[in-house]
>>> print(open('data24.csv').read())   # CSV, C-alpha atoms
chain,number,residue,atom,x,y,z
A,741,MET,CA,0.0,0.0,0.0
A,742,SER,CA,1.1,3.6,-0.5
A,743,PHE,CA,-0.5,7.0,-0.3
A,744,SER,CA,-3.1,8.1,-2.9
A,745,PRO,CA,-1.6,9.0,-6.3
A,746,LEU,CA,-1.8,12.8,-5.8
A,747,VAL,CA,-0.1,12.5,-2.4
A,748,GLU,CA,2.6,10.3,-3.8
A,749,ARG,CA,3.1,12.8,-6.6
A,750,LEU,CA,3.4,15.6,-4.2
A,751,MET,CA,6.0,13.7,-2.1
A,752,GLU,CA,7.9,13.1,-5.3
A,753,ALA,CA,7.7,16.8,-6.2
A,754,PHE,CA,9.3,17.8,-2.9
A,755,ARG,CA,12.3,15.8,-3.8
A,756,VAL,CA,13.5,18.6,-6.1
A,757,LEU,CA,14.4,20.6,-3.0
A,758,PRO,CA,18.1,20.3,-2.0
A,759,SER,CA,18.9,17.5,0.5
A,760,VAL,CA,15.3,16.4,0.8
A,761,GLY,CA,15.0,12.6,0.8
A,762,PRO,CA,11.9,10.4,0.7
A,763,LYS,CA,11.2,10.6,4.5
A,764,THR,CA,11.5,14.4,4.6
A,765,ALA,CA,9.4,14.8,1.5
A,766,GLN,CA,6.7,12.6,3.1
A,767,ARG,CA,6.9,14.7,6.3
A,768,MET,CA,6.6,17.9,4.3
A,769,ALA,CA,3.6,16.6,2.3
A,770,MET,CA,1.8,15.4,5.4
A,771,HIS,CA,2.5,18.6,7.3
A,772,LEU,CA,1.0,20.8,4.6
A,773,LEU,CA,-2.0,18.5,3.8
A,774,GLU,CA,-2.8,17.7,7.4
A,775,ARG,CA,-1.8,20.8,9.4
A,776,ASP,CA,-1.1,23.9,7.2
A,777,ARG,CA,-3.0,24.0,3.9
A,778,ASP,CA,-3.0,27.8,4.1
A,779,GLY,CA,0.7,27.8,4.4
A,780,GLY,CA,0.8,25.4,1.5
A,781,ARG,CA,-1.3,27.7,-0.7
A,782,ARG,CA,1.0,30.6,0.2
A,783,LEU,CA,3.9,28.5,-0.9
A,784,VAL,CA,2.2,27.6,-4.2
A,785,GLU,CA,1.4,31.3,-4.8
A,786,SER,CA,4.9,32.7,-3.8
A,787,LEU,CA,6.8,30.0,-5.7
A,788,GLY,CA,4.6,30.4,-8.8
A,789,VAL,CA,5.0,34.1,-8.9
A,790,ALA,CA,8.7,34.0,-8.2
A,791,LEU,CA,9.3,31.4,-11.0
A,792,GLU,CA,7.3,33.6,-13.4
A,793,ALA,CA,8.7,37.1,-12.5
A,794,VAL,CA,12.2,36.7,-11.1
A,795,GLY,CA,14.8,37.0,-13.7
A,796,TYR,CA,18.4,38.3,-13.9
A,797,CYS,CA,19.5,41.9,-13.4
A,798,GLN,CA,20.6,43.2,-16.8
A,799,ARG,CA,23.8,44.7,-15.4
A,800,CYS,CA,25.0,42.3,-12.7
A,801,ARG,CA,22.9,39.1,-13.4
A,802,THR,CA,21.8,38.7,-9.8
A,803,LEU,CA,18.2,37.5,-9.2
A,804,THR,CA,15.6,40.2,-9.4
A,805,GLU,CA,12.1,40.9,-10.7
A,806,GLU,CA,13.2,44.4,-11.9
A,807,GLU,CA,15.3,45.3,-14.9
A,808,LEU,CA,18.0,46.4,-12.6
A,809,CYS,CA,18.6,45.1,-9.0
A,810,GLY,CA,18.7,47.4,-6.1
A,811,ILE,CA,22.5,47.7,-6.0
A,812,CYS,CA,22.9,48.3,-9.7
A,813,ALA,CA,20.1,50.9,-9.5
A,814,SER,CA,21.6,52.7,-6.5
A,815,PRO,CA,23.5,55.9,-7.3
A,816,ARG,CA,25.4,55.6,-4.0
A,817,ARG,CA,27.7,52.7,-5.0
A,818,ASP,CA,31.2,53.0,-6.4
A,819,ASP,CA,31.3,52.2,-10.1
A,820,GLY,CA,35.1,51.9,-9.9
A,821,VAL,CA,35.1,48.5,-8.0
A,822,LEU,CA,33.4,45.4,-9.4
A,823,CYS,CA,33.1,42.3,-7.2
A,824,VAL,CA,32.7,39.0,-9.1
A,825,VAL,CA,30.8,36.3,-7.2
A,826,GLU,CA,29.5,32.9,-8.0
A,827,SER,CA,26.0,33.3,-6.6
A,828,PRO,CA,23.5,35.8,-5.2
A,829,ALA,CA,23.9,34.1,-1.8
A,830,ASP,CA,27.7,34.9,-1.9
A,831,GLN,CA,26.7,38.5,-2.9
A,832,LEU,CA,24.3,38.7,0.1
A,833,ALA,CA,27.0,37.4,2.5
A,834,ILE,CA,29.4,40.1,1.3
A,835,GLU,CA,26.7,42.8,1.6
A,836,GLU,CA,25.8,41.6,5.1
A,837,ALA,CA,29.5,41.6,6.1
A,838,GLY,CA,29.4,45.3,5.2
A,839,GLY,CA,32.2,47.6,4.1
A,840,PHE,CA,32.1,46.9,0.3
A,841,ARG,CA,30.5,49.9,-1.5
A,842,GLY,CA,31.2,48.8,-5.1
A,843,ARG,CA,29.2,47.0,-7.7
A,844,TYR,CA,28.8,43.2,-8.3
A,845,PHE,CA,28.7,40.8,-11.1
A,846,VAL,CA,27.1,37.4,-10.5
A,847,LEU,CA,28.3,34.3,-12.5
A,848,HIS,CA,25.6,31.9,-11.3
A,849,GLY,CA,28.2,29.1,-11.1
A,850,HIS,CA,31.8,28.5,-12.1
A,851,LEU,CA,33.6,27.1,-15.1
A,852,SER,CA,33.1,23.3,-15.2
A,853,PRO,CA,34.2,21.8,-18.5
A,854,LEU,CA,33.1,18.3,-17.4
A,855,ASP,CA,29.6,19.5,-16.9
A,856,GLY,CA,29.8,21.5,-20.1
A,857,ILE,CA,29.7,24.8,-18.3
A,858,GLY,CA,31.9,27.2,-20.4
A,859,PRO,CA,32.7,31.0,-20.2
A,860,GLU,CA,29.5,32.0,-22.0
A,861,ASP,CA,27.4,30.0,-19.6
A,862,ILE,CA,28.6,32.1,-16.7
A,863,GLY,CA,28.4,35.4,-18.6
A,864,LEU,CA,32.1,36.1,-19.0
A,865,ASP,CA,31.5,37.9,-22.4
A,866,GLN,CA,29.0,40.2,-20.6
A,867,LEU,CA,31.6,40.7,-17.8
A,868,GLU,CA,34.3,41.6,-20.2
A,869,ALA,CA,32.0,44.2,-21.9
A,870,ARG,CA,31.0,45.5,-18.5
A,871,VAL,CA,34.7,46.0,-17.5
A,872,ALA,CA,35.6,47.4,-20.9
A,873,GLU,CA,33.1,50.2,-20.2
A,874,ALA,CA,34.7,53.3,-18.7
A,875,GLY,CA,34.7,53.4,-15.0
A,876,VAL,CA,35.8,50.0,-13.6
A,877,GLU,CA,39.3,50.3,-12.1
A,878,GLU,CA,39.4,47.2,-10.0
A,879,VAL,CA,37.8,43.8,-10.3
A,880,ILE,CA,37.7,41.7,-7.1
A,881,LEU,CA,37.5,38.0,-8.0
A,882,ALA,CA,35.4,36.7,-5.1
A,883,THR,CA,34.8,33.3,-6.5
A,884,ASN,CA,34.8,30.5,-3.9
A,885,PRO,CA,38.2,29.3,-2.6
A,886,THR,CA,37.5,25.9,-4.2
A,887,VAL,CA,39.3,24.2,-7.1
A,888,GLU,CA,36.6,25.3,-9.5
A,889,GLY,CA,36.4,28.8,-8.0
A,890,GLU,CA,40.2,29.2,-8.2
A,891,ALA,CA,40.2,28.0,-11.8
A,892,THR,CA,37.4,30.4,-12.7
A,893,ALA,CA,39.2,33.3,-11.1
A,894,HIS,CA,42.3,32.5,-13.0
A,895,TYR,CA,40.4,32.2,-16.3
A,896,ILE,CA,38.7,35.6,-15.7
A,897,ALA,CA,42.0,37.2,-14.7
A,898,ALA,CA,43.6,36.1,-18.0
A,899,GLN,CA,40.6,37.3,-19.9
A,900,LEU,CA,40.5,40.8,-18.3
A,901,ALA,CA,44.3,41.3,-18.1
A,902,PRO,CA,44.4,42.9,-21.6
A,903,LEU,CA,42.0,45.6,-20.4
A,904,GLY,CA,44.6,46.8,-18.0
A,905,VAL,CA,42.2,46.7,-15.0
A,906,LYS,CA,43.5,46.1,-11.5
A,907,LEU,CA,42.6,42.5,-10.4
A,908,SER,CA,42.4,41.3,-6.9
A,909,ARG,CA,41.4,38.2,-5.0
A,910,LEU,CA,40.0,37.8,-1.4
A,911,ALA,CA,42.7,37.2,1.2
A,912,TYR,CA,43.2,33.7,2.4
A,913,GLY,CA,43.8,32.8,6.0
A,914,VAL,CA,42.4,31.4,9.2
A,915,PRO,CA,38.7,32.3,9.7
A,916,MET,CA,38.0,34.8,12.5
A,917,GLY,CA,36.9,33.1,15.7
A,918,GLY,CA,38.0,29.7,14.5
A,919,GLU,CA,40.4,27.5,16.4
A,920,LEU,CA,43.7,26.6,14.6
A,921,GLU,CA,43.2,23.0,15.8
A,922,TYR,CA,40.3,22.7,13.4
A,923,VAL,CA,41.7,24.7,10.5
A,924,ASP,CA,42.7,22.5,7.5
A,925,GLY,CA,46.3,22.3,6.4
A,926,GLY,CA,45.9,24.1,3.1
A,927,THR,CA,44.3,27.1,4.9
A,928,LEU,CA,47.0,27.1,7.6
A,929,SER,CA,49.9,27.1,5.2
A,930,ARG,CA,48.2,29.9,3.2
A,931,ALA,CA,47.8,31.8,6.4
A,932,PHE,CA,51.5,31.4,7.2
A,933,ASN,CA,52.7,32.4,3.8
A,934,GLY,CA,50.4,35.5,3.9
A,935,ARG,CA,51.4,36.4,7.5
A,936,LEU,CA,51.3,40.1,8.3
A,937,PRO,CA,53.3,42.3,10.6
A,938,PHE,CA,51.8,42.4,14.1
A,939,GLN,CA,49.8,45.5,15.0
A,940,GLY,CA,48.7,45.9,18.6
A,941,GLU,CA,45.1,47.0,19.1
B,219,MET,CA,20.8,44.6,1.5
B,220,SER,CA,18.6,41.6,1.0
B,221,PHE,CA,17.3,39.7,-2.0
B,222,SER,CA,14.5,41.2,-4.1
B,223,PRO,CA,11.0,41.3,-2.6
B,224,LEU,CA,9.7,38.3,-4.5
B,225,VAL,CA,12.7,36.2,-3.6
B,226,GLU,CA,12.5,37.3,0.1
B,227,ARG,CA,8.8,36.4,0.0
B,228,LEU,CA,9.5,33.0,-1.5
B,229,MET,CA,12.1,32.3,1.2
B,230,GLU,CA,9.6,33.3,3.8
B,231,ALA,CA,7.0,30.9,2.3
B,232,PHE,CA,9.4,27.9,2.5
B,233,ARG,CA,9.4,28.4,6.3
B,234,VAL,CA,6.0,26.8,6.5
B,235,LEU,CA,7.8,23.4,5.8
B,236,PRO,CA,8.7,21.5,9.0
B,237,SER,CA,12.2,22.1,10.4
B,238,VAL,CA,13.1,24.6,7.6
B,239,GLY,CA,14.9,27.6,9.0
B,240,PRO,CA,16.1,30.8,7.3
B,241,LYS,CA,19.2,29.3,5.9
B,242,THR,CA,17.5,26.2,4.5
B,243,ALA,CA,14.7,28.3,3.1
B,244,GLN,CA,17.3,30.5,1.3
B,245,ARG,CA,19.0,27.4,-0.1
B,246,MET,CA,15.7,26.0,-1.4
B,247,ALA,CA,14.7,29.3,-3.0
B,248,MET,CA,18.1,29.7,-4.6
B,249,HIS,CA,18.2,26.1,-5.8
B,250,LEU,CA,14.8,26.4,-7.6
B,251,LEU,CA,15.4,29.8,-9.0
B,252,GLU,CA,19.0,29.2,-10.1
B,253,ARG,CA,19.1,25.6,-11.0
B,254,ASP,CA,15.8,23.9,-11.3
B,255,ARG,CA,12.9,26.1,-12.4
B,256,ASP,CA,11.2,23.1,-14.1
B,257,GLY,CA,11.3,21.2,-10.8
B,258,GLY,CA,9.9,24.3,-9.1
B,259,ARG,CA,7.0,24.4,-11.6
B,260,ARG,CA,6.3,20.7,-11.0
B,261,LEU,CA,6.2,21.4,-7.2
B,262,VAL,CA,3.8,24.4,-7.7
B,263,GLU,CA,1.6,22.2,-9.9
B,264,SER,CA,1.6,19.1,-7.7
B,265,LEU,CA,1.1,21.0,-4.5
B,266,GLY,CA,-1.6,23.2,-5.9
B,267,VAL,CA,-3.5,20.2,-7.2
B,268,ALA,CA,-3.0,18.2,-4.0
B,269,LEU,CA,-4.2,21.0,-1.8
B,270,GLU,CA,-7.3,21.3,-4.0
B,271,ALA,CA,-8.2,17.7,-4.6
B,272,VAL,CA,-6.9,15.7,-1.6
B,273,GLY,CA,-9.4,15.3,1.2
B,274,TYR,CA,-10.4,12.7,3.7
B,275,CYS,CA,-11.7,9.2,3.0
B,276,GLN,CA,-15.3,9.2,4.1
B,277,ARG,CA,-14.9,5.9,5.9
B,278,CYS,CA,-11.5,6.0,7.6
B,279,ARG,CA,-10.5,9.7,7.2
B,280,THR,CA,-7.1,9.0,5.7
B,281,LEU,CA,-5.9,11.4,3.0
B,282,THR,CA,-7.3,10.6,-0.4
B,283,GLU,CA,-8.6,12.3,-3.5
B,284,GLU,CA,-11.3,9.7,-3.9
B,285,GLU,CA,-14.5,9.3,-1.8
B,286,LEU,CA,-13.1,6.1,-0.4
B,287,CYS,CA,-9.4,5.3,0.0
B,288,GLY,CA,-7.8,2.2,-1.5
B,289,ILE,CA,-8.0,0.2,1.6
B,290,CYS,CA,-11.7,1.1,2.4
B,291,ALA,CA,-12.6,0.4,-1.2
B,292,SER,CA,-10.9,-3.0,-1.2
B,293,PRO,CA,-13.2,-6.0,-0.8
B,294,ARG,CA,-10.2,-8.1,0.4
B,295,ARG,CA,-9.8,-6.5,3.8
B,296,ASP,CA,-11.3,-7.9,7.0
B,297,ASP,CA,-14.2,-5.7,8.3
B,298,GLY,CA,-14.0,-7.4,11.6
B,299,VAL,CA,-10.8,-5.6,12.8
B,300,LEU,CA,-10.4,-1.9,12.9
B,301,CYS,CA,-7.0,-0.3,13.6
B,302,VAL,CA,-7.1,3.3,15.0
B,303,VAL,CA,-4.0,5.4,14.2
B,304,GLU,CA,-3.1,9.0,14.7
B,305,SER,CA,-1.9,9.7,11.2
B,306,PRO,CA,-1.8,8.4,7.6
B,307,ALA,CA,2.0,8.1,8.1
B,308,ASP,CA,1.4,5.6,11.0
B,309,GLN,CA,-1.1,3.8,8.8
B,310,LEU,CA,1.5,3.5,6.0
B,311,ALA,CA,4.1,2.2,8.4
B,312,ILE,CA,1.7,-0.5,9.6
B,313,GLU,CA,0.8,-1.4,6.0
B,314,GLU,CA,4.5,-1.6,5.1
B,315,ALA,CA,5.2,-3.8,8.1
B,316,GLY,CA,2.6,-6.2,6.5
B,317,GLY,CA,0.5,-8.8,8.2
B,318,PHE,CA,-2.5,-6.6,9.1
B,319,ARG,CA,-5.5,-7.3,6.9
B,320,GLY,CA,-8.2,-5.3,8.7
B,321,ARG,CA,-9.5,-1.7,8.2
B,322,TYR,CA,-8.2,1.6,9.5
B,323,PHE,CA,-9.5,4.7,11.2
B,324,VAL,CA,-7.3,7.8,11.1
B,325,LEU,CA,-7.6,10.4,13.9
B,326,HIS,CA,-5.3,13.0,12.4
B,327,GLY,CA,-3.9,13.8,15.8
B,328,HIS,CA,-4.6,13.0,19.4
B,329,LEU,CA,-6.6,14.5,22.2
B,330,SER,CA,-4.9,17.7,23.5
B,331,PRO,CA,-7.2,19.8,25.7
B,332,LEU,CA,-4.5,22.4,26.1
B,333,ASP,CA,-4.5,23.0,22.3
B,334,GLY,CA,-8.3,22.8,22.3
B,335,ILE,CA,-8.3,19.5,20.4
B,336,GLY,CA,-11.3,17.5,21.7
B,337,PRO,CA,-13.0,14.2,20.7
B,338,GLU,CA,-14.9,15.7,17.8
B,339,ASP,CA,-11.7,17.2,16.3
B,340,ILE,CA,-10.2,13.7,15.9
B,341,GLY,CA,-13.5,12.2,14.7
B,342,LEU,CA,-14.4,10.1,17.7
B,343,ASP,CA,-18.1,10.5,17.1
B,344,GLN,CA,-17.6,9.1,13.6
B,345,LEU,CA,-15.4,6.3,15.0
B,346,GLU,CA,-18.1,5.3,17.5
B,347,ALA,CA,-20.7,5.3,14.7
B,348,ARG,CA,-18.4,3.2,12.5
B,349,VAL,CA,-17.8,0.6,15.3
B,350,ALA,CA,-21.5,0.6,16.2
B,351,GLU,CA,-22.1,-0.6,12.6
B,352,ALA,CA,-22.4,-4.4,12.4
B,353,GLY,CA,-19.1,-6.2,11.7
B,354,VAL,CA,-16.4,-4.7,13.8
B,355,GLU,CA,-15.4,-7.2,16.4
B,356,GLU,CA,-12.0,-5.8,17.5
B,357,VAL,CA,-10.6,-2.3,17.7
B,358,ILE,CA,-6.8,-2.1,17.8
B,359,LEU,CA,-5.9,1.2,19.5
B,360,ALA,CA,-2.6,1.9,17.6
B,361,THR,CA,-2.1,5.5,18.8
B,362,ASN,CA,1.5,6.5,19.6
B,363,PRO,CA,3.1,5.2,22.8
B,364,THR,CA,3.3,8.8,24.1
B,365,VAL,CA,1.5,10.5,26.9
B,366,GLU,CA,-1.0,12.0,24.5
B,367,GLY,CA,-1.4,8.8,22.5
B,368,GLU,CA,-2.0,6.8,25.7
B,369,ALA,CA,-4.5,9.3,27.0
B,370,THR,CA,-6.3,9.2,23.6
B,371,ALA,CA,-6.3,5.4,23.6
B,372,HIS,CA,-7.8,5.3,27.1
B,373,TYR,CA,-10.5,7.9,26.2
B,374,ILE,CA,-11.5,5.9,23.1
B,375,ALA,CA,-11.5,2.6,25.1
B,376,ALA,CA,-13.9,4.2,27.6
B,377,GLN,CA,-16.1,5.5,24.8
B,378,LEU,CA,-16.3,2.2,22.9
B,379,ALA,CA,-16.6,-0.1,26.0
B,380,PRO,CA,-20.4,0.1,26.0
B,381,LEU,CA,-20.5,-1.2,22.5
B,382,GLY,CA,-19.1,-4.5,23.8
B,383,VAL,CA,-16.4,-4.6,21.1
B,384,LYS,CA,-13.0,-6.2,21.9
B,385,LEU,CA,-10.3,-3.6,22.5
B,386,SER,CA,-6.6,-4.1,22.1
B,387,ARG,CA,-3.4,-2.1,22.2
B,388,LEU,CA,-0.1,-2.7,20.4
B,389,ALA,CA,2.4,-4.7,22.5
B,390,TYR,CA,5.1,-2.7,24.3
B,391,GLY,CA,8.6,-4.0,24.5
B,392,VAL,CA,12.2,-3.7,23.2
B,393,PRO,CA,12.4,-2.8,19.5
B,394,MET,CA,13.7,-5.5,17.2
B,395,GLY,CA,17.3,-5.1,16.4
B,396,GLY,CA,17.8,-2.6,19.2
B,397,GLU,CA,20.5,-2.9,21.9
B,398,LEU,CA,19.2,-3.1,25.4
B,399,GLU,CA,21.9,-0.7,26.4
B,400,TYR,CA,20.2,2.1,24.5
B,401,VAL,CA,16.6,1.2,25.4
B,402,ASP,CA,14.9,3.7,27.8
B,403,GLY,CA,13.9,2.5,31.3
B,404,GLY,CA,10.2,2.8,30.7
B,405,THR,CA,10.3,0.6,27.7
B,406,LEU,CA,12.6,-1.9,29.5
B,407,SER,CA,10.3,-2.3,32.5
B,408,ARG,CA,7.3,-2.7,30.2
B,409,ALA,CA,9.2,-5.4,28.3
B,410,PHE,CA,10.0,-7.2,31.6
B,411,ASN,CA,6.4,-7.0,32.8
B,412,GLY,CA,5.2,-8.2,29.5
B,413,ARG,CA,7.8,-11.0,29.1
B,414,LEU,CA,6.8,-14.1,27.2
B,415,PRO,CA,7.6,-17.8,27.6
B,416,PHE,CA,10.7,-18.6,25.5
B,417,GLN,CA,10.0,-20.4,22.2
B,418,GLY,CA,13.1,-21.9,20.4
B,419,GLU,CA,13.1,-21.1,16.7
>>> encode(input="data24.csv", output="structure tokens")
Amino acid sequence: MSFSPLVERLMEAFRVLPSVGPKTAQRMAMHLLERDRDGGRRLVESLGVALEAVGYCQRCRTLTEEELCGICASPRRDDGVLCVVESPADQLAIEEAGGFRGRYFVLHGHLSPLDGIGPEDIGLDQLEARVAEAGVEEVILATNPTVEGEATAHYIAAQLAPLGVKLSRLAYGVPMGGELEYVDGGTLSRAFNGRLPFQGE
Amino acid sequence: MSFSPLVERLMEAFRVLPSVGPKTAQRMAMHLLERDRDGGRRLVESLGVALEAVGYCQRCRTLTEEELCGICASPRRDDGVLCVVESPADQLAIEEAGGFRGRYFVLHGHLSPLDGIGPEDIGLDQLEARVAEAGVEEVILATNPTVEGEATAHYIAAQLAPLGVKLSRLAYGVPMGGELEYVDGGTLSRAFNGRLPFQGE
């Protein structure tokens, strides 16, 4: 025996969500059908509208329902510095950290030849055109410190070098508040090589 | 800065799902918007249809889009035994364990005066009427072995006693494959009190 066809189909549909297995999908379906149908309807409505209306910002490619996202539309950001990130989530993390007042460019992924993801798939032609525009003096390559992120950063650096723009990468080192004991070797050696002169508070 | 209004609204909507916090909701929204819009549309469609069409079986109250669920509609089940469970998930677990060939009655919860959930909210009047019908000889009270489940079982037992039907409760004891070391005291003492004469295989 199993649940009715529509319930089974709903459970199957929940599997599209990241890290949601059969048991979790069942719990989700049961919760909405048994205890929170209104919440379920709100989810249907919000997701339907978002899938319809949310697209990419024409300048930075982040997710937005407008032509230009809030940051690209803002006159109070510095056009001279462009921060390249892999995802809108990375962009949000940087914004929440505060301090950066420049613009962004979102790749929505990283180069991955094996998965057939090439330069055009992550908008590098658009990035080059953007940087070629007057105004961008520095490009901060803030792709993830992973093998793919590094490779993507190097590819972009090589691509933008001819434009004579200043290129930078986020600093590597031990995370604030972390314990050295739990920091991986690669990060530690990076932190040693990049050690800075001590400054008392 | 935050995401665009529609994206923020979508993230908020995902919070209705059980044990989904802000971070998970964000990951779900990003995943569907960035990598799997088709999957998202399937979820919208399946959830919308299920919320519309899935109701309660008129006989056992389990979730179904039909008037009668598969089990109630089946002529091959034993009308003499009625198993009362708290949820469709419990019913499925019992069906998957196999062996039980009777019918079911789903409470969709348990008595919980503090939350204002009384007998009528879990369909006990309907249950009484169902048992009063000719045919039901035994009612298995398979509510959860929790305080609320126990209380609900006792309430139902008292309610059905006048009908002179046989009432039973699932056996308590140590779970198969478990290690005594990790079994809680309450379960262990129940298992001791309910010990059975040894039968060699």
>>> closest_residue(input="data24.csv", among="B:Gly316, B:Pro293, B:Gly239, B:Gly336", to="chain A", atoms="only C-alpha atoms")
B:Gly316
>>> residues_around(input="data24.csv", residues="Ser222 (chain B)", least_positions_apart="6", cutoff="8 Å", atoms="all atoms listed in the file", output="PDB file with C-alpha atoms, in the frame of the given file")
ATOM      1  CA  LEU A 803      18.200  37.500  -9.200  1.00  0.00           C
ATOM      2  CA  THR A 804      15.600  40.200  -9.400  1.00  0.00           C
ATOM      3  CA  GLU A 805      12.100  40.900 -10.700  1.00  0.00           C
ATOM      4  CA  CYS A 809      18.600  45.100  -9.000  1.00  0.00           C
ATOM      5  CA  GLY A 810      18.700  47.400  -6.100  1.00  0.00           C
TER       6      GLY A 810
END
>>> atom_distance(input="data24.csv", atom1="CA of Glu792 (chain A)", atom2="CA of Gln766 (chain A)")
26.7 Å
>>> interface_residues(input="data24.csv", of="chain B", to="chain A", cutoff="9 Å", atoms="only C-alpha atoms", output="number ranges by chain")
B: 219-225, 227-236, 242, 244-252, 254-255, 257-269, 271-273, 281-284, 287-289, 305-307, 310, 313-314, 326
>>> residues_around(input="data24.csv", residues="Gly934 (chain A)", least_positions_apart="5", cutoff="10 Å", atoms="only C-alpha atoms", output="PyMOL selection string")
chain A and resi 911-913+928-929
>>> atom_distance(input="data24.csv", atom1="CA of Cys812 (chain A)", atom2="CA of Asp865 (chain A)")
18.5 Å
>>> closest_residue(input="data24.csv", among="A:Gln798, A:Thr927, A:Ser814, A:Gly842", to="Thr886 (chain A)", atoms="only C-alpha atoms")
A:Thr927
>>> closest_residue(input="data24.csv", among="A:Lys763, A:Lys906, A:His850, A:Arg935", to="Gly820 (chain A)", atoms="only C-alpha atoms")
A:Lys906
>>> atom_distance(input="data24.csv", atom1="CA of Pro415 (chain B)", atom2="CA of Leu359 (chain B)")
24.7 Å
>>> residues_around(input="data24.csv", residues="Val299 (chain B)", least_positions_apart="5", cutoff="10 Å", atoms="only C-alpha atoms", output="list in words")
Phe318, Arg319, Gly320, Arg321, Tyr322, Val349, Gly353, Val354, Glu355, Glu356, Val357, Ile358, Lys384 and Leu385 of chain B
>>> closest_residue(input="data24.csv", among="A:Gln866, A:Asn933, A:Gln939, A:Thr883", to="Tyr895 (chain A)", atoms="all atoms listed in the file")
A:Thr883
>>> decode(input="data24.csv", residues="region 840-845 of chain A", atoms="all heavy atoms", output="mmCIF file, in the first residue's frame")
data_model
loop_
_atom_site.group_PDB
_atom_site.id
_atom_site.type_symbol
_atom_site.label_atom_id
_atom_site.label_comp_id
_atom_site.auth_asym_id
_atom_site.auth_seq_id
_atom_site.Cartn_x
_atom_site.Cartn_y
_atom_site.Cartn_z
ATOM 1 N N PHE A 840 31.873 46.818 1.778
ATOM 2 C CA PHE A 840 32.063 46.939 0.332
ATOM 3 C C PHE A 840 31.007 47.859 -0.262
ATOM 4 O O PHE A 840 29.816 47.658 -0.051
ATOM 5 C CB PHE A 840 31.988 45.557 -0.322
ATOM 6 C CG PHE A 840 32.174 45.604 -1.813
ATOM 7 C CD1 PHE A 840 33.394 45.956 -2.370
ATOM 8 C CD2 PHE A 840 31.111 45.309 -2.663
ATOM 9 C CE1 PHE A 840 33.563 46.014 -3.741
ATOM 10 C CE2 PHE A 840 31.276 45.358 -4.040
ATOM 11 C CZ PHE A 840 32.503 45.713 -4.577
ATOM 12 N N ARG A 841 31.456 48.885 -0.987
ATOM 13 C CA ARG A 841 30.513 49.857 -1.531
ATOM 14 C C ARG A 841 30.486 49.856 -3.054
ATOM 15 O O ARG A 841 29.924 50.749 -3.673
ATOM 16 C CB ARG A 841 30.861 51.271 -1.046
ATOM 17 C CG ARG A 841 30.852 51.438 0.461
ATOM 18 C CD ARG A 841 29.474 51.142 1.042
ATOM 19 N NE ARG A 841 28.445 51.985 0.424
ATOM 20 C CZ ARG A 841 27.164 51.635 0.308
ATOM 21 N NH1 ARG A 841 26.784 50.430 0.707
ATOM 22 N NH2 ARG A 841 26.295 52.443 -0.253
ATOM 23 N N GLY A 842 31.172 48.871 -3.671
ATOM 24 C CA GLY A 842 31.231 48.838 -5.128
ATOM 25 C C GLY A 842 30.047 48.108 -5.737
ATOM 26 O O GLY A 842 29.004 47.934 -5.102
ATOM 27 N N ARG A 843 30.218 47.679 -6.970
ATOM 28 C CA ARG A 843 29.158 46.964 -7.682
ATOM 29 C C ARG A 843 29.490 45.478 -7.717
ATOM 30 O O ARG A 843 30.580 45.072 -7.326
ATOM 31 C CB ARG A 843 29.051 47.509 -9.110
ATOM 32 C CG ARG A 843 28.914 49.024 -9.196
ATOM 33 C CD ARG A 843 27.494 49.478 -8.935
ATOM 34 N NE ARG A 843 27.346 50.916 -9.207
ATOM 35 C CZ ARG A 843 26.211 51.587 -9.019
ATOM 36 N NH1 ARG A 843 25.124 50.965 -8.585
ATOM 37 N NH2 ARG A 843 26.139 52.879 -9.266
ATOM 38 N N TYR A 844 28.541 44.691 -8.235
ATOM 39 C CA TYR A 844 28.755 43.242 -8.307
ATOM 40 C C TYR A 844 28.555 42.726 -9.727
ATOM 41 O O TYR A 844 27.938 43.381 -10.579
ATOM 42 C CB TYR A 844 27.767 42.506 -7.408
ATOM 43 C CG TYR A 844 28.006 42.677 -5.939
ATOM 44 C CD1 TYR A 844 27.387 43.700 -5.241
ATOM 45 C CD2 TYR A 844 28.830 41.797 -5.246
ATOM 46 C CE1 TYR A 844 27.591 43.860 -3.882
ATOM 47 C CE2 TYR A 844 29.041 41.945 -3.888
ATOM 48 C CZ TYR A 844 28.420 42.969 -3.208
ATOM 49 O OH TYR A 844 28.619 43.133 -1.872
ATOM 50 N N PHE A 845 29.063 41.510 -9.943
ATOM 51 C CA PHE A 845 28.720 40.760 -11.145
ATOM 52 C C PHE A 845 28.566 39.303 -10.706
ATOM 53 O O PHE A 845 29.474 38.736 -10.075
ATOM 54 C CB PHE A 845 29.816 40.862 -12.212
ATOM 55 C CG PHE A 845 29.398 40.258 -13.526
ATOM 56 C CD1 PHE A 845 28.678 41.011 -14.450
ATOM 57 C CD2 PHE A 845 29.686 38.934 -13.827
ATOM 58 C CE1 PHE A 845 28.267 40.456 -15.658
ATOM 59 C CE2 PHE A 845 29.262 38.371 -15.032
ATOM 60 C CZ PHE A 845 28.560 39.141 -15.944
#
